[in-house]
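Containing mmCIF, C-alpha atoms and all ligand atoms: run28.cif.
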```
data_upload
#
loop_
_atom_site.label_atom_id
_atom_site.label_comp_id
_atom_site.auth_asym_id
_atom_site.auth_seq_id
_atom_site.Cartn_x
_atom_site.Cartn_y
_atom_site.Cartn_z
CA THR M 221 18.16 14.28 56.55
CA ALA M 222 20.70 12.60 58.70
CA GLU M 223 21.81 14.63 61.65
CA GLY M 224 25.42 14.50 60.57
CA GLU M 225 24.64 16.35 57.39
CA GLU M 226 23.32 19.32 59.30
CA LEU M 227 26.46 19.71 61.32
CA GLU M 228 28.76 22.30 59.91
CA ALA M 229 32.24 21.01 59.17
CA ALA M 230 34.88 22.38 61.50
CA THR M 231 37.19 24.97 59.95
CA PHE M 232 40.85 24.96 60.90
CA ILE M 233 43.17 27.84 60.15
CA VAL M 234 46.35 26.80 58.36
CA GLY M 235 49.33 29.16 58.67
CA THR M 236 51.99 29.29 55.99
CA GLU M 237 54.81 31.53 54.79
CA PRO M 238 54.14 31.58 51.04
CA THR M 239 57.50 32.45 49.48
CA PHE M 240 58.64 28.85 49.42
CA PRO M 241 57.85 27.30 46.03
CA PRO M 242 57.01 24.58 45.21
CA PHE M 243 55.76 23.97 48.77
CA GLU M 244 53.86 27.24 49.20
CA MET M 245 53.52 30.21 46.91
CA THR M 246 51.03 32.75 45.61
CA ASP M 247 49.48 32.22 42.16
CA GLU M 248 48.57 34.94 39.60
CA SER M 249 45.19 35.41 41.24
CA GLY M 250 46.80 36.01 44.62
CA ALA M 251 45.69 32.67 46.05
CA ILE M 252 48.12 30.65 48.15
CA THR M 253 48.90 27.29 46.60
CA GLY M 254 51.69 24.70 46.47
CA PHE M 255 52.47 21.14 47.46
CA ASP M 256 51.90 21.61 51.21
CA ILE M 257 48.68 23.54 50.63
CA GLU M 258 47.17 20.99 48.27
CA LEU M 259 48.24 18.17 50.57
CA ILE M 260 46.66 19.66 53.69
CA LYS M 261 43.49 20.39 51.65
CA ALA M 262 43.38 16.76 50.50
CA ILE M 263 43.82 15.61 54.10
CA ALA M 264 41.04 17.98 55.19
CA GLU M 265 38.72 16.63 52.52
CA ASP M 266 39.49 13.07 53.56
CA GLN M 267 38.82 13.88 57.20
CA GLY M 268 35.78 16.10 56.64
CA PHE M 269 37.10 19.42 57.88
CA GLU M 270 37.53 22.78 56.15
CA VAL M 271 40.72 24.81 56.01
CA GLU M 272 41.36 28.51 55.73
CA ILE M 273 44.87 29.44 54.57
CA GLN M 274 46.61 32.35 56.28
CA SER M 275 49.91 33.97 55.35
CA ILE M 276 52.24 34.42 58.36
CA GLY M 277 55.95 35.16 58.79
CA PHE M 278 57.97 31.96 59.17
CA ASP M 279 59.31 32.88 62.62
CA ALA M 280 55.77 33.76 63.78
CA LEU M 281 54.23 30.38 62.88
CA ILE M 282 55.09 28.50 66.07
CA PRO M 283 53.95 31.35 68.37
CA ALA M 284 50.73 31.58 66.33
CA VAL M 285 49.91 27.90 66.78
CA GLN M 286 50.83 28.07 70.47
CA SER M 287 48.51 31.02 71.07
CA GLY M 288 45.69 29.44 69.09
CA ASN M 289 45.65 32.09 66.34
CA ILE M 290 46.18 29.30 63.83
CA ASP M 291 45.47 25.57 64.15
CA ILE M 292 47.92 23.98 61.73
CA ILE M 293 51.36 24.91 60.35
CA ALA M 294 51.85 23.83 56.72
CA SER M 295 55.00 25.64 55.73
CA GLY M 296 57.81 23.33 54.72
CA MET M 297 58.66 23.12 58.39
CA THR M 298 61.42 20.70 59.28
CA ILE M 299 60.75 18.39 62.21
CA THR M 300 63.51 19.24 64.70
CA GLU M 301 64.04 18.30 68.34
CA ALA M 302 63.91 21.92 69.43
CA ARG M 303 60.58 22.50 67.69
CA GLU M 304 59.18 19.20 69.06
CA GLU M 305 59.36 20.88 72.47
CA GLN M 306 57.12 23.70 71.26
CA VAL M 307 54.58 22.01 68.97
CA ASP M 308 53.44 18.52 67.96
CA PHE M 309 54.35 17.31 64.48
CA SER M 310 52.49 14.95 62.18
CA ALA M 311 54.26 12.02 60.59
CA PRO M 312 56.86 13.28 58.09
CA TYR M 313 55.22 13.97 54.73
CA ILE M 314 58.26 14.68 52.53
CA ASP M 315 62.05 14.69 52.67
CA ALA M 316 64.11 17.76 51.91
CA GLY M 317 67.43 19.11 53.17
CA LEU M 318 69.68 22.14 53.11
CA ALA M 319 71.93 23.25 50.28
CA ILE M 320 74.36 26.09 49.71
CA ALA M 321 73.62 28.39 46.78
CA VAL M 322 76.05 30.87 45.24
CA ALA M 323 75.90 33.27 42.30
CA ALA M 324 76.01 31.44 38.96
CA ASP M 325 79.42 32.94 38.13
CA ASN M 326 81.00 32.13 41.50
CA GLY M 327 84.01 29.90 40.92
CA ASP M 328 85.34 29.98 44.49
CA VAL M 329 82.76 28.05 46.49
CA SER M 330 82.28 24.40 45.71
CA SER M 331 81.54 23.01 49.18
CA ILE M 332 80.91 23.90 52.81
CA ASP M 333 84.70 24.02 53.28
CA ASP M 334 84.95 27.16 51.15
CA LEU M 335 82.86 29.51 53.31
CA GLN M 336 85.66 31.16 55.33
CA GLY M 337 84.99 34.89 55.75
CA LEU M 338 81.86 34.90 53.58
CA VAL M 339 78.48 36.55 54.09
CA ALA M 340 75.34 34.38 54.15
CA SER M 341 71.73 35.31 53.43
CA VAL M 342 69.03 33.19 55.14
CA GLN M 343 65.36 33.17 56.06
CA ILE M 344 64.84 34.18 59.68
CA GLY M 345 63.98 31.28 61.97
CA SER M 346 64.71 28.61 59.36
CA THR M 347 67.00 25.63 59.72
CA GLY M 348 69.20 27.36 57.13
CA HIS M 349 69.45 30.28 59.57
CA GLU M 350 70.43 27.87 62.34
CA LYS M 351 73.10 26.27 60.18
CA ALA M 352 74.50 29.67 59.17
CA GLN M 353 74.57 30.77 62.82
CA GLU M 354 76.56 27.63 63.72
CA LEU M 355 79.06 28.44 60.97
CA MET M 356 79.25 32.03 62.20
CA ASP M 357 79.82 30.92 65.82
CA ALA M 358 82.55 28.59 64.59
CA GLY M 359 84.31 31.56 63.01
CA VAL M 360 83.68 30.42 59.44
CA LEU M 361 81.09 32.86 58.06
CA SER M 362 81.78 36.55 58.73
CA GLU M 363 78.15 37.69 58.68
CA VAL M 364 74.64 36.24 58.57
CA LYS M 365 71.95 38.45 57.03
CA THR M 366 68.36 37.43 57.82
CA PHE M 367 65.23 38.27 55.85
CA ASN M 368 61.56 37.43 56.33
CA THR M 369 60.86 35.97 52.92
CA VAL M 370 62.82 33.67 50.64
CA ASP M 371 62.45 35.88 47.56
CA VAL M 372 64.37 38.61 49.39
CA VAL M 373 66.91 36.07 50.69
CA MET M 374 67.64 35.11 47.08
CA MET M 375 67.63 38.69 45.82
CA GLU M 376 70.36 39.55 48.32
CA LEU M 377 72.56 36.84 46.77
CA VAL M 378 71.75 37.84 43.18
CA ASN M 379 72.44 41.52 43.97
CA GLY M 380 75.80 40.69 45.54
CA GLY M 381 74.87 41.63 49.12
CA ALA M 382 75.69 38.08 50.20
CA ASP M 383 78.05 35.35 48.97
CA VAL M 384 75.92 32.35 49.84
CA VAL M 385 72.36 31.35 50.65
CA ILE M 386 71.67 28.40 52.93
CA ASN M 387 68.17 27.21 52.19
CA ASP M 388 66.12 24.09 51.52
CA LEU M 389 67.41 22.29 48.42
CA PRO M 390 64.06 21.81 46.58
CA VAL M 391 63.23 25.51 46.99
CA THR M 392 66.64 26.58 45.70
CA GLN M 393 66.19 24.20 42.75
CA ALA M 394 62.79 25.76 42.00
CA TYR M 395 64.38 29.21 42.04
CA MET M 396 67.04 28.06 39.57
CA VAL M 397 64.33 26.91 37.18
CA GLN M 398 62.39 30.18 37.57
CA GLN M 399 65.39 32.49 37.31
CA PRO M 400 67.83 30.60 35.09
CA GLY M 401 71.46 31.69 35.06
CA THR M 402 71.32 33.62 38.34
CA ILE M 403 72.42 31.14 41.00
CA LYS M 404 73.73 27.59 41.33
CA ILE M 405 74.08 24.96 44.03
CA ALA M 406 77.55 24.50 45.54
CA GLY M 407 78.43 21.00 46.67
CA GLU M 408 76.31 18.28 48.19
CA LYS M 409 73.13 18.45 50.23
CA LEU M 410 74.17 19.51 53.75
CA GLU M 411 71.58 17.79 55.91
CA SER M 412 68.62 15.52 55.40
CA GLU M 413 65.43 16.94 56.82
CA SER M 414 61.79 15.87 56.90
CA TYR M 415 58.81 18.19 56.88
CA GLY M 416 55.82 17.76 59.15
CA PHE M 417 52.54 19.58 59.74
CA ALA M 418 52.46 21.06 63.23
CA VAL M 419 49.66 21.63 65.76
CA ARG M 420 49.53 22.99 69.31
CA SER M 421 51.20 20.63 71.80
CA GLY M 422 48.62 18.19 73.11
CA ASN M 423 46.08 18.77 70.32
CA GLU M 424 45.81 15.03 69.79
CA GLU M 425 42.41 15.10 68.12
CA LEU M 426 43.59 17.30 65.27
CA LEU M 427 46.95 15.54 64.99
CA THR M 428 45.21 12.16 64.68
CA MET M 429 42.99 13.50 61.89
CA ILE M 430 46.01 14.85 60.04
CA ASP M 431 47.99 11.62 60.43
CA THR M 432 45.03 9.44 59.45
CA GLY M 433 44.20 11.67 56.49
CA LEU M 434 47.83 11.68 55.37
CA GLN M 435 47.93 7.90 55.46
CA ASN M 436 44.68 7.72 53.48
CA VAL M 437 45.75 10.14 50.75
CA ILE M 438 49.04 8.27 50.41
CA GLU M 439 47.16 4.98 50.02
CA ASP M 440 44.54 6.27 47.56
CA GLY M 441 47.05 7.87 45.19
CA THR M 442 46.14 11.52 45.89
CA TYR M 443 49.55 12.16 47.43
CA ASP M 444 51.31 10.89 44.27
CA GLU M 445 49.11 13.07 42.07
CA ILE M 446 49.99 16.19 44.05
CA GLN M 447 53.65 15.22 44.14
CA SER M 448 53.91 14.73 40.38
CA LYS M 449 52.19 18.08 39.83
CA TYR M 450 54.83 19.97 41.83
CA PHE M 451 57.92 17.81 41.31
CA SER M 452 57.89 16.85 37.67
N1 LIG W 501 62.59 23.69 56.25
C1 LIG W 501 63.15 24.89 56.80
C2 LIG W 501 62.77 25.02 58.23
O1 LIG W 501 61.93 24.34 58.70
C3 LIG W 501 62.72 26.14 56.04
C4 LIG W 501 61.25 26.30 55.97
C5 LIG W 501 60.80 27.60 55.38
O2 LIG W 501 61.58 28.53 55.22
N2 LIG W 501 59.57 27.70 55.02
O3 LIG W 501 63.30 25.84 58.91
#
```
Kindly present the structure from the file in structure tokens form.
Ligand code: GLN
Amino acid sequence: TAEGEELEAATFIVGTEPTFPPFEMTDESGAITGFDIELIKAIAEDQGFEVEIQSIGFDALIPAVQSGNIDIIASGMTITEAREEQVDFSAPYIDAGLAIAVAADNGDVSSIDDLQGLVASVQIGSTGHEKAQELMDAGVLSEVKTFNTVDVVMMELVNGGADVVINDLPVTQAYMVQQPGTIKIAGEKLESESYGFAVRSGNEELLTMIDTGLQNVIEDGTYDEIQSKYFS
């Protein structure tokens, strides 16, 4: 046997916050799946490494990769300048953006200009949280309620504890399909954002594998297959 075959493949721990369908979620069997998860697994297969998926709070992901508790973040994480100072991002792998959601029967909010005095519900540490905080600091929103998981963020809106949710558009759209008649999107997409996989700053070896693998799975059609499975 060739020597290479006897070497055990390296295993990298992938951290994700799995209340973010269709990017990451838990299936009936309790396994974590979703677009990001299948994509990082395809990249791993292309590059010959193994992955182990770990569920972690969204605001704990960057500290976990910095401390070495996890190797890769695959969690619908937007590439931002502030985060670039803390971790290294792969090439962008999908475009998303923020949207405002309101209760389905809300007739008062049709754009970002209608948020005066309202209460927002957001996921802690997300770009939606950042946006809500900006609107709070500008004296527009009256309160920003933060929660660890997106299901609870949405529940707060549905139960009337908040007037608006600021969250990633594709995830809000997925919620509208799952829970029809509960919420709707108000106005246009607020910002354009791109997601990247993140590794510890300076972990060039792993970042190169991810970027090369990403390029390969885009070229061989695997990326399109995964995309059409989750965004049909
Ligand atoms: N894309 C948003 C961010 O990076 C939200 C991600 C998430 O909640 N999983 O902050």
Quick one: 5 Å padding each side, axis-aligned, all listed atoms of ligand LIG 501 (chain W) - centre and edge lengths in Å to one decimal, as AutoDock Vina command-line options?
```
--center_x 61.4 --center_y 26.1 --center_z 57.0 --size_x 13.7 --size_y 14.8 --size_z 13.9
```
For M:Thr253, which residue among M:Pro241, M:Gly345, M:Pro283, M:Gly268 is the nearest when counting all atoms listed in the file?
M:Pro241
Check the smallest atom-to-atom distance from each of M:Pro238, M:Gly277, M:Gly254, M:Gly317 to M:Thr392 using all atoms listed in the file, then report the winner.
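With all atoms listed in the file as the atom set, the closest residue is M:Gly317.
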What's the 8 Å shell around M:Phe278, counting only C-alpha atoms, without same-chain residues fewer than 4 positions away, as an MDAnalysis selection string?
chainID M and resid 236:237 295 344:346 368:369
Nearby residues (all atoms listed in the file) at most 9 Å from M:Lys409, same-chain spacing under 4 positions excluded, as a PDB file with C-alpha atoms, in the frame of the given file:
```
ATOM      1  CA  GLY M 317      67.430  19.110  53.170  1.00  0.00           C
ATOM      2  CA  LEU M 318      69.680  22.140  53.110  1.00  0.00           C
ATOM      3  CA  ALA M 319      71.930  23.250  50.280  1.00  0.00           C
ATOM      4  CA  ILE M 320      74.360  26.090  49.710  1.00  0.00           C
ATOM      5  CA  LEU M 389      67.410  22.290  48.420  1.00  0.00           C
TER       6      LEU M 389
END
```
d(atom CA of M:Ala418, atom CA of M:Thr366) in Å:
23.5 Å
What does the distance between atom CA of M:Thr239 and atom CA of M:Val339 come to in Å, to one decimal place?
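That distance, rounded to one decimal, is 21.9 Å.
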Could you check which of M:Thr298, M:Met429, M:Gln393, M:Gly416 is closest to M:Phe232, using all atoms listed in the file?
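Closest to M:Phe232 of all the choices is M:Met429.
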With distances taken over all atoms listed in the file, which residue among M:Asp444, M:Asp371, M:Asp291, M:Asp256 lies nearest M:Asn423?
M:Asp291
Can you pull out every residue within 12 Å of M:Gln435, counting all atoms listed in the file, but drop anything in the same chain fewer than 2 positions away, and send it as a count of residues only?
23
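As for atom C3 of ligand LIG 501 (chain W) and atom CA of M:His349, they are spaced 8.7 Å apart.
Minimum distance to M:Glu411 across M:Leu427, M:Ala316, M:Ala340, M:Val384 (counting only C-alpha atoms) occurs at M:Ala316.
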Pick from M:Asp328, M:Asp315, M:Glu408, M:Glu354 nearest to ligand LIG 501 (chain W), counting only C-alpha atoms and all ligand atoms:
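Distance minimum relative to ligand LIG 501 (chain W) lands on M:Asp315.
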Do a neighbour search on M:Val285 at 8 Å with all atoms listed in the file, toss out local chain neighbours closer than 5 positions, and write the hits as a CSV table (one decimal) with C-alpha atoms, in the frame of the given file.
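Output (selection18.csv):
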```
chain,number,residue,atom,x,y,z
M,290,ILE,CA,46.2,29.3,63.8
M,291,ASP,CA,45.5,25.6,64.2
M,292,ILE,CA,47.9,24.0,61.7
M,293,ILE,CA,51.4,24.9,60.4
M,307,VAL,CA,54.6,22.0,69.0
M,419,VAL,CA,49.7,21.6,65.8
M,420,ARG,CA,49.5,23.0,69.3
```
May I have the protein, DNA and RNA residues with any atom at most 12 Å from the point (83.3, 27.7, 55.1), counting only C-alpha atoms, written as number ranges by chain?
M: 320, 328-340, 351-352, 354-363, 383-384, 386, 406-407
Residues near stretch 322-327 of chain M, anyone? I mean within 10 Å using only C-alpha atoms, not counting same-chain ones fewer than 5 positions away, as a list of chain:residue names.
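Residues meeting the cut-off are M:Ala340, M:Met374, M:Leu377, M:Val378, M:Asn379, M:Gly380, M:Ala382, M:Asp383, M:Val384, M:Val385, M:Ile386, M:Met396, M:Pro400, M:Gly401, M:Thr402, M:Ile403, M:Lys404, M:Ile405, M:Ala406.
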Prev. selection, C-alpha atoms, output as an mmCIF file, in the coordinates of the input:
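After the write, selection.cif holds the following:
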```
data_model
loop_
_atom_site.group_PDB
_atom_site.id
_atom_site.type_symbol
_atom_site.label_atom_id
_atom_site.label_comp_id
_atom_site.auth_asym_id
_atom_site.auth_seq_id
_atom_site.Cartn_x
_atom_site.Cartn_y
_atom_site.Cartn_z
ATOM 1 C CA ALA M 340 75.340 34.380 54.150
ATOM 2 C CA MET M 374 67.640 35.110 47.080
ATOM 3 C CA LEU M 377 72.560 36.840 46.770
ATOM 4 C CA VAL M 378 71.750 37.840 43.180
ATOM 5 C CA ASN M 379 72.440 41.520 43.970
ATOM 6 C CA GLY M 380 75.800 40.690 45.540
ATOM 7 C CA ALA M 382 75.690 38.080 50.200
ATOM 8 C CA ASP M 383 78.050 35.350 48.970
ATOM 9 C CA VAL M 384 75.920 32.350 49.840
ATOM 10 C CA VAL M 385 72.360 31.350 50.650
ATOM 11 C CA ILE M 386 71.670 28.400 52.930
ATOM 12 C CA MET M 396 67.040 28.060 39.570
ATOM 13 C CA PRO M 400 67.830 30.600 35.090
ATOM 14 C CA GLY M 401 71.460 31.690 35.060
ATOM 15 C CA THR M 402 71.320 33.620 38.340
ATOM 16 C CA ILE M 403 72.420 31.140 41.000
ATOM 17 C CA LYS M 404 73.730 27.590 41.330
ATOM 18 C CA ILE M 405 74.080 24.960 44.030
ATOM 19 C CA ALA M 406 77.550 24.500 45.540
#
```
